[in-house]
Amino acid sequence: MQSLLRRGASLFTPSPSPSPSQSKPSTPAPNARPIRSAEDFTKAPLPETLFDKTDPATDGEECEHDCATCTIKYPAKFDVDQEDELYGHVNGWSTHLLVATGKTDWVRDVADEEGSVMEAVERGGVVPSNGKLKLSASNMPVPDEYHAHEKGQQPTTVLLLPSFTIIDHVTPALVPDLIRNYVNPSVTNTTPLNGAPAPASEGTEAELPTEEQFVTSLRSRPCPHAAVILLCSQKTRDARCGQSAPLLRREFDRHLRPLGLHRDLDDERPGGVGIYFISHVGGHKYAANVIVYRRRDFDWYKAGEAQAPESGTESDSSAANASVSDEGASQCIWLARVRPEDCENIVRYTVLQGKVVKPGTQLRGGFDRERGLISW
C-alpha cells in the first residue's frame, strides 16, 4: 500500500527544476553593454533574441509525459488562429494598472462602467507623464468594507506593474492622485533594473514632485508575489477567453502547488505566484493570452526580513520589505495560443527561469529590463 501511495504521489510531482531561490537571470544579450537609461533599450528583432529559448540538452525534455494527470482539455470546438505571425505586433506600453473588481467578466469596454475607477483612469483627463498606461479590470478581490460606499464613491485596490506596487482605497475621485503620485514616479518597462524612473514620454515634460502633489489619502505597499500570471477571461469580447481562463488557472495551480508557489486570491504570504483574470488585452483570436510578470529574485523579500529593525513591528517590516522590492518585475512575457498542456512548461521555464519553450509560435512580446530588450 505504501509503495502504491508513493507511486500515486509521484504523478503530481514535477521533475526537478530550479527552485525560486535558484532562479538565474537571463543570459546577457549579444554585445551587451551597461543598461543605464531607457535610451539603451533596443528592439529584439526575433522572438528567440528577446528571451532565452529552452534547450533540451540543458533544460531536459519539454514534456514530462505525465499523461495520467494531464486531464484538463479545451472544448472540442476551441479553434484559434494558427497562421498569423505573433511576434512584433504588440503596441508598447510603459506601465500596467490592474483594478480590483472581484469579477471575471465585464462590459465590453471596461471604461464604460459608470462610476468606476476604470472610467476615471481612461476618461478623467489626467494622462501619465511617463508613457502609455495599459488598463485592465481584474478579479482581484475588493475588500468587504469597501462595498458600503455609494456607487461612484466605492474604493478599490489597484496593482501597478512593473513596479509590483499595490495602492489601497482608490476611488474615482482619487484617480488624479493615483496617476500623479504613484504612476508618474513609478519604474516603467524601460527603466533599467536598479535605475531611476524612466523619463517622460516624447512630447511631454516630466512632472516634478511637489509638496502639494504628495498630500493624498492613498497608501501603497509592495505586492507580495514573486510573479503574477494574467489570464484574459472576458467572455463578452470572446467566448474562448471565458472558457480558457478557468481551465488554465486550474492547471497552473496544479503545477504551482508542489513547488509551494500557489497563492489564492486572498493569500498574501511573501513570495509565490498570483494568478489573476483580467479584461481584454487584444488578440482574442489567439486565445488563450497569458501574460507573466516576474521578479528576477524570487526570494527578494527575505532580504527585507533580514533588514527589519529589532523592534519587529509590522510597519518596520513593511518598510524594510519595500526598500528591497522597488526594482519590480525584471521581465514581462506575453504568450498566446496557450493550451492546458503548455502550463507545466510555462511554470517550469517561463515563470521560474524567464525562458520560452515555443517563441516562434507563442510569443507575442514583452520586455527584459535586465538585458535592455523590448519587442516594440
# chains A, B, ... in the order shown; residues from 1 in each chain; ligands from 1
$ residues_around --residues "segment 333-349 of chain A" --least-positions-apart "3" --cutoff "9 Å" --atoms "only C-alpha atoms" --output "number ranges by chain"
A: 14-15, 17-18, 51, 54, 59, 62-64, 70-74, 80-82, 86, 244, 247-252, 254-256, 283-294, 352-357, 359, 361-368
$ residues_around --residues "Ala120 of chain A" --least-positions-apart "5" --cutoff "10 Å" --atoms "only C-alpha atoms" --output "compact mmCIF listing (two decimals) with N, CA, C and O atoms, in the first residue's frame"
# COMPACT_ATOMS: atom_id res chain seq x y z
N ALA A 111 -13.98 50.73 -19.47
CA ALA A 111 -14.08 52.15 -19.15
C ALA A 111 -15.51 52.65 -19.24
O ALA A 111 -15.80 53.78 -18.81
N ASP A 112 -16.41 51.84 -19.79
CA ASP A 112 -17.83 52.22 -19.87
C ASP A 112 -18.58 51.93 -18.57
O ASP A 112 -19.77 52.26 -18.48
N GLU A 113 -17.93 51.31 -17.61
CA GLU A 113 -18.59 51.02 -16.34
C GLU A 113 -18.72 52.32 -15.55
O GLU A 113 -17.75 52.82 -14.98
N GLU A 114 -19.92 52.85 -15.53
CA GLU A 114 -20.16 54.18 -14.96
C GLU A 114 -19.79 54.21 -13.47
O GLU A 114 -20.13 53.32 -12.70
N GLY A 115 -19.07 55.26 -13.09
CA GLY A 115 -18.70 55.45 -11.70
C GLY A 115 -17.55 54.58 -11.25
O GLY A 115 -17.27 54.50 -10.04
N GLY A 125 -9.03 62.61 -17.83
CA GLY A 125 -8.27 63.76 -18.32
C GLY A 125 -6.86 63.89 -17.80
O GLY A 125 -6.14 64.80 -18.22
N VAL A 126 -6.43 63.01 -16.89
CA VAL A 126 -5.05 63.08 -16.38
C VAL A 126 -4.25 61.98 -17.07
O VAL A 126 -4.50 60.79 -16.86
N GLY A 152 -19.98 55.04 -7.47
CA GLY A 152 -19.21 56.21 -7.88
C GLY A 152 -18.27 56.70 -6.82
O GLY A 152 -17.41 57.53 -7.09
N THR A 171 -10.43 55.62 -5.12
CA THR A 171 -11.78 55.95 -5.58
C THR A 171 -11.67 56.68 -6.92
O THR A 171 -10.60 57.18 -7.27
N PRO A 172 -12.78 56.77 -7.68
CA PRO A 172 -12.72 57.54 -8.93
C PRO A 172 -12.21 58.97 -8.72
O PRO A 172 -11.44 59.48 -9.54
N ALA A 173 -12.61 59.59 -7.63
CA ALA A 173 -12.17 60.97 -7.38
C ALA A 173 -10.68 61.07 -7.09
O ALA A 173 -10.08 62.12 -7.30
N LEU A 174 -10.09 59.97 -6.62
CA LEU A 174 -8.66 59.99 -6.28
C LEU A 174 -7.77 59.50 -7.42
O LEU A 174 -6.55 59.41 -7.24
N VAL A 175 -8.35 59.20 -8.58
CA VAL A 175 -7.54 58.74 -9.70
C VAL A 175 -6.47 59.75 -10.12
O VAL A 175 -5.33 59.36 -10.42
N PRO A 176 -6.76 61.07 -10.15
CA PRO A 176 -5.67 62.01 -10.45
C PRO A 176 -4.50 61.89 -9.48
O PRO A 176 -3.33 61.96 -9.88
$ select_by_dssp --residues "segment 82-206 of chain A" --states "alpha helix (DSSP H)" --output "PDB file with N, CA, C and O atoms, in the first residue's frame"
ATOM      1  N   VAL A 117     -13.441  53.121 -11.222  1.00  0.00           N
ATOM      2  CA  VAL A 117     -12.063  53.606 -11.315  1.00  0.00           C
ATOM      3  C   VAL A 117     -11.559  53.477 -12.740  1.00  0.00           C
ATOM      4  O   VAL A 117     -10.807  54.330 -13.227  1.00  0.00           O
ATOM      5  N   MET A 118     -11.981  52.421 -13.453  1.00  0.00           N
ATOM      6  CA  MET A 118     -11.558  52.258 -14.847  1.00  0.00           C
ATOM      7  C   MET A 118     -12.009  53.440 -15.697  1.00  0.00           C
ATOM      8  O   MET A 118     -11.250  53.967 -16.513  1.00  0.00           O
ATOM      9  N   GLU A 119     -13.247  53.877 -15.491  1.00  0.00           N
ATOM     10  CA  GLU A 119     -13.759  55.030 -16.231  1.00  0.00           C
ATOM     11  C   GLU A 119     -12.943  56.268 -15.915  1.00  0.00           C
ATOM     12  O   GLU A 119     -12.579  57.037 -16.814  1.00  0.00           O
ATOM     13  N   ALA A 120     -12.618  56.463 -14.641  1.00  0.00           N
ATOM     14  CA  ALA A 120     -11.878  57.652 -14.234  1.00  0.00           C
ATOM     15  C   ALA A 120     -10.455  57.645 -14.791  1.00  0.00           C
ATOM     16  O   ALA A 120      -9.918  58.693 -15.165  1.00  0.00           O
ATOM     17  N   VAL A 121      -9.838  56.462 -14.856  1.00  0.00           N
ATOM     18  CA  VAL A 121      -8.480  56.373 -15.400  1.00  0.00           C
ATOM     19  C   VAL A 121      -8.489  56.690 -16.888  1.00  0.00           C
ATOM     20  O   VAL A 121      -7.651  57.444 -17.394  1.00  0.00           O
ATOM     21  N   GLU A 122      -9.445  56.102 -17.604  1.00  0.00           N
ATOM     22  CA  GLU A 122      -9.477  56.217 -19.069  1.00  0.00           C
ATOM     23  C   GLU A 122      -9.965  57.577 -19.535  1.00  0.00           C
ATOM     24  O   GLU A 122      -9.501  58.087 -20.554  1.00  0.00           O
ATOM     25  N   ARG A 123     -10.906  58.178 -18.764  1.00  0.00           N
ATOM     26  CA  ARG A 123     -11.576  59.374 -19.271  1.00  0.00           C
ATOM     27  C   ARG A 123     -11.525  60.544 -18.306  1.00  0.00           C
ATOM     28  O   ARG A 123     -12.265  61.514 -18.462  1.00  0.00           O
ATOM     29  N   VAL A 175      -8.351  59.202  -8.576  1.00  0.00           N
ATOM     30  CA  VAL A 175      -7.536  58.736  -9.700  1.00  0.00           C
ATOM     31  C   VAL A 175      -6.471  59.753 -10.116  1.00  0.00           C
ATOM     32  O   VAL A 175      -5.335  59.365 -10.423  1.00  0.00           O
ATOM     33  N   PRO A 176      -6.756  61.071 -10.147  1.00  0.00           N
ATOM     34  CA  PRO A 176      -5.670  62.010 -10.452  1.00  0.00           C
ATOM     35  C   PRO A 176      -4.497  61.890  -9.475  1.00  0.00           C
ATOM     36  O   PRO A 176      -3.331  61.964  -9.878  1.00  0.00           O
ATOM     37  N   ASP A 177      -4.808  61.689  -8.176  1.00  0.00           N
ATOM     38  CA  ASP A 177      -3.745  61.468  -7.194  1.00  0.00           C
ATOM     39  C   ASP A 177      -2.975  60.192  -7.522  1.00  0.00           C
ATOM     40  O   ASP A 177      -1.746  60.146  -7.419  1.00  0.00           O
ATOM     41  N   LEU A 178      -3.707  59.155  -7.889  1.00  0.00           N
ATOM     42  CA  LEU A 178      -3.078  57.880  -8.224  1.00  0.00           C
ATOM     43  C   LEU A 178      -2.071  58.050  -9.356  1.00  0.00           C
ATOM     44  O   LEU A 178      -0.939  57.553  -9.276  1.00  0.00           O
TER      45      LEU A 178
END
$ closest_residue --among "A:Tyr276, A:Gln153, A:Ser186, A:Cys223" --to "Pro141 of chain A" --atoms "only C-alpha atoms"
A:Tyr276
$ residues_around --residues "Val281 of chain A" --least-positions-apart "3" --cutoff "9 Å" --atoms "only C-alpha atoms" --output "ChimeraX atom specification"
/A:134-136,232,278,284,289
$ residues_around --residues "segment 162-164 of chain A" --least-positions-apart "4" --cutoff "6 Å" --atoms "only C-alpha atoms" --output "NGL selection string"
:A and (187 or 223 or 328-329)
$ closest_residue --among "A:Phe78, A:Ala68, A:Ser116, A:Glu150" --to "Ala239 of chain A" --atoms "only C-alpha atoms"
A:Phe78
$ residues_around --residues "segment 35-50 of chain A" --least-positions-apart "3" --cutoff "7 Å" --atoms "only C-alpha atoms" --output "MDAnalysis selection string"
chainID A and resid 53 87 190:192 195 198 359:360 363 372:376
$ closest_residue --among "A:Ser129, A:Thr58, A:Ser217, A:Thr101" --to "His147 of chain A" --atoms "only C-alpha atoms"
A:Thr101
